[in-house]
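Read through the structure below, which is laid out as structure tokens, and then see the notes.
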Amino acid sequence: MQIEQAREFILDKLDKELPEHFYYHNAMHAIDVYNAAGLIANNERVGEYETKLLLTAALFHDSGFLYGGKTDHELRSCEIARLHLPGFDYTGDDIEQICDIIMATKLPQDPHNYLGQIICDSDLDYLGRNDFFVLSKKLFSELVITDGLKTEGEWNKIQIAFFQGHHYFTKTVIELRSALKQEHLEEIIKKEF
């Protein structure tokens with residue numbers, strides 16, 4: 001598996017081909033999820049082969065947005081992975097495992113293995129980080145265009161419901177992010193009530 005070459009390829013593709021209104025779901029988000037996945041995999045002592053599958057899935061997990069709309073973007077991300085990863089020495093079995101990991105990120109998250117749990121936590125790691133409000137603003141700006149979201153009040157209600165229904169899976173992220181995630185939820189609730 002030529003992960004560095006695959007990384008360079010997909011990040012370049014996302015940089016050059018994604019519609020401009022993807023303020024959140026872009027190459028920077030792919031890098032963010034890749035970095036979080038690497039941190040979690042290291043802390044959780046995931047093996048080298050599984051880590052490569054996980055990191056590749058992190059890079060490709062939202063590439064389906066290259067097709068524009070949000071509908072089934074995870075399936076489209078898998079199409080992109082199946083199309084391009086053989087060129088980077090990934091086997092059919094590697095790619096199917098990567099697609100299984102990608103599909104775990106579909107909301108509501110329903111991972112059915114450990115690598116799926118790690119990518120879910122990586123994808124939503126920002127909920128409990130210091131840059132949450134910066135990234136949340138980018139996602140709001142994107143959703144205004146893609147989903148017709150109108151007001152920050154609407155967005156706050158969506159976020160409150162999302163936070164209340166969300167939980168982290170891995171010991172690493174529960175320990176690292178849960179407390180600040182709760183503080184962020186409380187701050188959003190204060191804005192609304």
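Residue names in the structure tokens use chain letters A, B, ... in the order shown, residue numbers from 1 in each chain, and ligand numbers from 1 in the order shown.
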
Point to revise | Distance query A:Gly68 at most 12 Å, only C-alpha atoms, self and fewer than 5 positions along chain excluded, as a PyMOL selection string | key: chain A and resi 14+17-22+25-26+62-63+73+76-77+145-146

Next, the residues of the selection above should be written as a PDB file, in the first residue's frame with N, CA and C atoms.
ATOM      1  N   LEU A  14      -8.989  16.819  -3.932  1.00  0.00           N
ATOM      2  CA  LEU A  14      -9.936  17.590  -3.122  1.00  0.00           C
ATOM      3  C   LEU A  14      -9.655  19.086  -3.235  1.00  0.00           C
ATOM      4  N   GLU A  17     -10.643  20.080  -7.078  1.00  0.00           N
ATOM      5  CA  GLU A  17     -11.911  19.745  -7.721  1.00  0.00           C
ATOM      6  C   GLU A  17     -13.160  19.935  -6.872  1.00  0.00           C
ATOM      7  N   LEU A  18     -13.013  20.096  -5.564  1.00  0.00           N
ATOM      8  CA  LEU A  18     -14.206  20.282  -4.730  1.00  0.00           C
ATOM      9  C   LEU A  18     -14.859  21.622  -5.025  1.00  0.00           C
ATOM     10  N   PRO A  19     -16.190  21.665  -5.091  1.00  0.00           N
ATOM     11  CA  PRO A  19     -16.860  22.961  -5.218  1.00  0.00           C
ATOM     12  C   PRO A  19     -16.457  23.871  -4.057  1.00  0.00           C
ATOM     13  N   GLU A  20     -16.337  25.156  -4.320  1.00  0.00           N
ATOM     14  CA  GLU A  20     -15.821  26.122  -3.339  1.00  0.00           C
ATOM     15  C   GLU A  20     -16.643  26.214  -2.066  1.00  0.00           C
ATOM     16  N   HIS A  21     -17.943  25.900  -2.155  1.00  0.00           N
ATOM     17  CA  HIS A  21     -18.798  26.072  -0.981  1.00  0.00           C
ATOM     18  C   HIS A  21     -18.610  24.983   0.080  1.00  0.00           C
ATOM     19  N   PHE A  22     -17.717  24.044  -0.150  1.00  0.00           N
ATOM     20  CA  PHE A  22     -17.412  23.054   0.889  1.00  0.00           C
ATOM     21  C   PHE A  22     -16.347  23.652   1.818  1.00  0.00           C
ATOM     22  N   HIS A  25     -16.158  20.375   4.650  1.00  0.00           N
ATOM     23  CA  HIS A  25     -15.807  19.064   4.076  1.00  0.00           C
ATOM     24  C   HIS A  25     -14.846  19.265   2.910  1.00  0.00           C
ATOM     25  N   ASN A  26     -13.560  19.396   3.230  1.00  0.00           N
ATOM     26  CA  ASN A  26     -12.560  19.690   2.214  1.00  0.00           C
ATOM     27  C   ASN A  26     -11.250  18.982   2.567  1.00  0.00           C
ATOM     28  N   ASP A  62     -14.647  11.459   2.869  1.00  0.00           N
ATOM     29  CA  ASP A  62     -15.594  12.461   2.364  1.00  0.00           C
ATOM     30  C   ASP A  62     -15.309  12.856   0.916  1.00  0.00           C
ATOM     31  N   SER A  63     -14.505  12.070   0.229  1.00  0.00           N
ATOM     32  CA  SER A  63     -14.177  12.396  -1.172  1.00  0.00           C
ATOM     33  C   SER A  63     -15.405  12.348  -2.071  1.00  0.00           C
ATOM     34  N   HIS A  73     -22.924  10.417   0.119  1.00  0.00           N
ATOM     35  CA  HIS A  73     -21.536  10.738  -0.239  1.00  0.00           C
ATOM     36  C   HIS A  73     -20.565   9.652   0.219  1.00  0.00           C
ATOM     37  N   ARG A  76     -20.301   7.182  -2.510  1.00  0.00           N
ATOM     38  CA  ARG A  76     -19.503   7.769  -3.594  1.00  0.00           C
ATOM     39  C   ARG A  76     -18.022   7.830  -3.217  1.00  0.00           C
ATOM     40  N   SER A  77     -17.746   8.030  -1.938  1.00  0.00           N
ATOM     41  CA  SER A  77     -16.352   7.986  -1.468  1.00  0.00           C
ATOM     42  C   SER A  77     -15.774   6.592  -1.715  1.00  0.00           C
ATOM     43  N   ILE A 145     -25.546  26.748   2.216  1.00  0.00           N
ATOM     44  CA  ILE A 145     -25.576  26.547   0.768  1.00  0.00           C
ATOM     45  C   ILE A 145     -26.096  25.161   0.393  1.00  0.00           C
ATOM     46  N   THR A 146     -25.600  24.128   1.061  1.00  0.00           N
ATOM     47  CA  THR A 146     -25.949  22.761   0.647  1.00  0.00           C
ATOM     48  C   THR A 146     -27.304  22.289   1.148  1.00  0.00           C
TER      49      THR A 146
END

Counting only C-alpha atoms, what is within 12 Å of A:Lys190, bar same-chain residues fewer than 3 positions away, as a short mmCIF file (atom, residue, chain, number, x, y, z; two decimals) with all heavy atoms, in the first residue's frame?
data_model
loop_
_atom_site.label_atom_id
_atom_site.label_comp_id
_atom_site.auth_asym_id
_atom_site.auth_seq_id
_atom_site.Cartn_x
_atom_site.Cartn_y
_atom_site.Cartn_z
N GLY A 153 -29.76 30.31 14.84
CA GLY A 153 -30.67 29.69 15.80
C GLY A 153 -31.05 28.28 15.37
O GLY A 153 -31.07 27.35 16.20
N ASN A 156 -28.03 26.14 15.91
CA ASN A 156 -27.82 25.80 17.32
C ASN A 156 -28.74 24.66 17.76
O ASN A 156 -28.32 23.76 18.47
CB ASN A 156 -28.02 27.03 18.21
CG ASN A 156 -26.88 28.02 18.05
OD1 ASN A 156 -25.77 27.66 17.66
ND2 ASN A 156 -27.15 29.27 18.36
N LYS A 157 -30.00 24.69 17.31
CA LYS A 157 -30.94 23.61 17.67
C LYS A 157 -30.47 22.27 17.09
O LYS A 157 -30.56 21.24 17.76
CB LYS A 157 -32.34 23.96 17.18
CG LYS A 157 -33.02 25.03 18.00
CD LYS A 157 -34.43 25.31 17.50
CE LYS A 157 -35.15 26.29 18.37
NZ LYS A 157 -34.75 27.68 18.19
N ILE A 160 -27.48 21.12 19.18
CA ILE A 160 -27.88 20.62 20.50
C ILE A 160 -28.39 19.19 20.38
O ILE A 160 -27.97 18.29 21.12
CB ILE A 160 -28.92 21.55 21.16
CG1 ILE A 160 -28.27 22.88 21.55
CG2 ILE A 160 -29.57 20.88 22.37
CD1 ILE A 160 -29.25 23.99 21.90
N GLU A 183 -18.79 21.04 27.68
CA GLU A 183 -18.74 22.50 27.84
C GLU A 183 -19.27 23.21 26.60
O GLU A 183 -19.99 24.20 26.70
CB GLU A 183 -17.31 22.96 28.14
CG GLU A 183 -16.82 22.61 29.52
CD GLU A 183 -15.37 23.03 29.75
OE1 GLU A 183 -14.93 24.05 29.15
OE2 GLU A 183 -14.67 22.34 30.52
N HIS A 184 -18.90 22.69 25.42
CA HIS A 184 -19.39 23.29 24.17
C HIS A 184 -20.90 23.19 24.08
O HIS A 184 -21.58 24.15 23.69
CB HIS A 184 -18.73 22.62 22.96
CG HIS A 184 -17.28 22.91 22.85
ND1 HIS A 184 -16.40 22.04 22.28
CD2 HIS A 184 -16.53 23.98 23.22
CE1 HIS A 184 -15.18 22.54 22.31
NE2 HIS A 184 -15.24 23.73 22.88
N LEU A 185 -21.45 22.03 24.44
CA LEU A 185 -22.90 21.85 24.43
C LEU A 185 -23.56 22.87 25.36
O LEU A 185 -24.53 23.53 24.96
CB LEU A 185 -23.27 20.42 24.85
CG LEU A 185 -24.76 20.16 25.06
CD1 LEU A 185 -25.58 20.44 23.80
CD2 LEU A 185 -24.99 18.73 25.54
N GLU A 186 -23.03 23.03 26.55
CA GLU A 186 -23.61 23.96 27.51
C GLU A 186 -23.56 25.40 26.98
O GLU A 186 -24.50 26.17 27.16
CB GLU A 186 -22.90 23.85 28.86
CG GLU A 186 -23.22 22.54 29.56
CD GLU A 186 -22.30 22.20 30.72
OE1 GLU A 186 -21.51 23.08 31.14
OE2 GLU A 186 -22.36 21.05 31.20
N GLU A 187 -22.48 25.74 26.29
CA GLU A 187 -22.36 27.08 25.71
C GLU A 187 -23.39 27.31 24.60
O GLU A 187 -23.98 28.38 24.51
CB GLU A 187 -20.94 27.27 25.18
CG GLU A 187 -20.57 28.72 24.98
CD GLU A 187 -19.08 28.93 24.76
OE1 GLU A 187 -18.26 28.16 25.31
OE2 GLU A 187 -18.75 29.88 24.02
N PHE A 193 -31.23 29.63 25.07
CA PHE A 193 -32.29 29.72 26.08
C PHE A 193 -32.01 30.76 27.14
O PHE A 193 -31.01 31.24 27.38
CB PHE A 193 -32.48 28.35 26.75
CG PHE A 193 -32.86 27.28 25.75
CD1 PHE A 193 -31.92 26.35 25.32
CD2 PHE A 193 -34.14 27.24 25.22
CE1 PHE A 193 -32.26 25.38 24.39
CE2 PHE A 193 -34.48 26.27 24.29
CZ PHE A 193 -33.54 25.35 23.88
#

Cut-off 10 Å: closest stretch 83-165 of chain A/stretch 32-51 of chain A atom pairs per residue, using only C-alpha atoms, as CSV:
residue,atom,partner,partner_atom,distance
A:Asp94,CA,A:Glu50,CA,9.5
A:Gln97,CA,A:Glu50,CA,9.3
A:Ile98,CA,A:Glu50,CA,9.5
A:Tyr114,CA,A:Val46,CA,9.5
A:Leu115,CA,A:Glu50,CA,7.7
A:Ile118,CA,A:Ala37,CA,6.5
A:Ile119,CA,A:Ala37,CA,6.2
A:Cys120,CA,A:Ala37,CA,9.1
A:Asp121,CA,A:Ala37,CA,8.0
A:Ser122,CA,A:Ala36,CA,5.0
A:Asp123,CA,A:Val33,CA,5.3
A:Leu124,CA,A:Val33,CA,8.2
A:Asp125,CA,A:Ala36,CA,7.0
A:Tyr126,CA,A:Asp32,CA,8.8

Check your understanding: Within 10 Å of A:Ala104, counting only C-alpha atoms, which residues qualify if same-chain residues fewer than 5 places away don't, as an NGL selection string?
Key -> :A and (61 or 74 or 99 or 109-113 or 115-120)

Point to revise | Pick from A:Ile188, A:Val134, A:Met1, A:Leu180, whichever lies nearest to A:Ala161 using only C-alpha atoms | key: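 So, comparing all the options, the nearest one is A:Ile188.
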
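Counting from atom CA of A:Phe88, the distance to atom CA of A:Leu75 is 20.2 Å.
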
Exercise for review: Give the helix (DSSP H, G or I) residues of stretch 43-175 of chain A, as DSSP finds them on the backbone, and put them as JSON, numbers by chain.
Suggested key: {"A": [43, 48, 49, 50, 51, 52, 53, 54, 55, 56, 57, 58, 59, 60, 63, 64, 65, 66, 67, 73, 74, 75, 76, 77, 78, 79, 80, 81, 82, 83, 84, 85, 86, 87, 88, 92, 93, 94, 95, 96, 97, 98, 99, 100, 101, 102, 103, 114, 115, 116, 117, 118, 119, 120, 121, 122, 123, 125, 126, 127, 128, 132, 133, 134, 135, 136, 137, 138, 139, 140, 141, 142, 143, 144, 145, 146, 152, 153, 154, 155, 156, 157, 158, 159, 160, 161, 162, 163, 164, 165, 171, 172, 173, 174, 175]}

For those residues, write C-alpha atoms to a file as a short mmCIF file (atom, residue, chain, number, x, y, z; two decimals), in the first residue's frame.
data_model
loop_
_atom_site.label_atom_id
_atom_site.label_comp_id
_atom_site.auth_asym_id
_atom_site.auth_seq_id
_atom_site.Cartn_x
_atom_site.Cartn_y
_atom_site.Cartn_z
CA ASN A 43 -2.80 5.47 21.67
CA GLU A 48 0.56 -1.21 11.34
CA TYR A 49 -1.56 -2.83 8.62
CA GLU A 50 -4.86 -1.83 10.25
CA THR A 51 -3.54 1.69 10.82
CA LYS A 52 -2.76 2.02 7.10
CA LEU A 53 -6.31 0.93 6.24
CA LEU A 54 -7.71 3.37 8.79
CA LEU A 55 -5.59 6.31 7.61
CA THR A 56 -6.48 5.64 3.98
CA ALA A 57 -10.17 5.57 4.90
CA ALA A 58 -9.72 8.87 6.75
CA LEU A 59 -8.25 10.48 3.64
CA PHE A 60 -10.99 9.21 1.33
CA SER A 63 -14.18 12.40 -1.17
CA GLY A 64 -17.70 11.63 -2.41
CA PHE A 65 -18.42 15.35 -2.03
CA LEU A 66 -16.41 15.71 -5.25
CA TYR A 67 -19.68 14.71 -6.94
CA HIS A 73 -21.54 10.74 -0.24
CA GLU A 74 -20.04 7.82 1.71
CA LEU A 75 -21.03 5.40 -1.06
CA ARG A 76 -19.50 7.77 -3.59
CA SER A 77 -16.35 7.99 -1.47
CA CYS A 78 -16.14 4.20 -1.75
CA GLU A 79 -16.55 4.45 -5.53
CA ILE A 80 -13.60 6.85 -5.64
CA ALA A 81 -11.53 4.56 -3.40
CA ARG A 82 -12.34 1.52 -5.59
CA LEU A 83 -11.44 3.45 -8.72
CA HIS A 84 -8.12 4.91 -7.59
CA LEU A 85 -6.63 2.78 -4.81
CA PRO A 86 -5.65 -0.18 -7.04
CA GLY A 87 -3.20 2.25 -8.68
CA PHE A 88 -1.49 2.62 -5.31
CA GLY A 92 -9.38 -5.71 -3.48
CA ASP A 93 -9.59 -6.94 0.13
CA ASP A 94 -7.75 -3.83 1.41
CA ILE A 95 -10.19 -1.60 -0.48
CA GLU A 96 -13.29 -3.41 0.81
CA GLN A 97 -12.03 -3.04 4.38
CA ILE A 98 -11.36 0.67 3.72
CA CYS A 99 -14.90 1.07 2.34
CA ASP A 100 -16.33 -0.65 5.41
CA ILE A 101 -14.45 1.86 7.58
CA ILE A 102 -15.68 4.78 5.44
CA MET A 103 -19.30 3.60 5.70
CA TYR A 114 -13.01 -1.28 16.06
CA LEU A 115 -11.56 0.58 13.06
CA GLY A 116 -15.05 1.90 12.35
CA GLN A 117 -15.25 3.19 15.91
CA ILE A 118 -11.90 4.93 15.53
CA ILE A 119 -12.86 6.70 12.31
CA CYS A 120 -16.17 7.81 13.83
CA ASP A 121 -14.30 9.35 16.75
CA SER A 122 -11.75 10.87 14.37
CA ASP A 123 -14.44 12.40 12.17
CA ASP A 125 -13.03 14.66 17.25
CA TYR A 126 -13.48 18.42 16.82
CA LEU A 127 -16.65 18.39 18.97
CA GLY A 128 -14.39 18.29 22.02
CA PHE A 132 -14.81 23.59 17.77
CA PHE A 133 -16.51 26.97 17.29
CA VAL A 134 -14.27 27.89 14.34
CA LEU A 135 -15.03 24.60 12.59
CA SER A 136 -18.71 24.76 13.54
CA LYS A 137 -18.96 28.16 11.83
CA LYS A 138 -17.42 26.68 8.67
CA LEU A 139 -19.90 23.80 8.73
CA PHE A 140 -22.79 26.23 9.26
CA SER A 141 -21.64 28.31 6.25
CA GLU A 142 -21.48 25.15 4.14
CA LEU A 143 -24.93 23.97 5.25
CA VAL A 144 -26.47 27.33 4.39
CA ILE A 145 -25.58 26.55 0.77
CA THR A 146 -25.95 22.76 0.65
CA GLU A 152 -27.74 30.43 13.51
CA GLY A 153 -30.67 29.69 15.80
CA GLU A 154 -31.67 26.80 13.54
CA TRP A 155 -28.06 25.64 13.52
CA ASN A 156 -27.82 25.80 17.32
CA LYS A 157 -30.94 23.61 17.67
CA ILE A 158 -29.46 21.08 15.22
CA GLN A 159 -26.18 21.07 17.13
CA ILE A 160 -27.88 20.62 20.50
CA ALA A 161 -29.83 17.61 19.23
CA PHE A 162 -26.70 16.20 17.59
CA PHE A 163 -24.57 16.60 20.73
CA GLN A 164 -27.25 15.01 22.89
CA GLY A 165 -27.45 11.97 20.61
CA LYS A 171 -11.16 5.15 25.45
CA THR A 172 -8.65 7.66 24.02
CA VAL A 173 -11.24 10.12 22.74
CA ILE A 174 -13.59 9.68 25.68
CA GLU A 175 -10.71 10.71 27.95
#

**Study point:** Top pick for closest residue to A:Asp89, considering A:Leu176, A:Ile3, A:Ile189, A:Ile31 and counting only C-alpha atoms
**Key:** A:Ile3
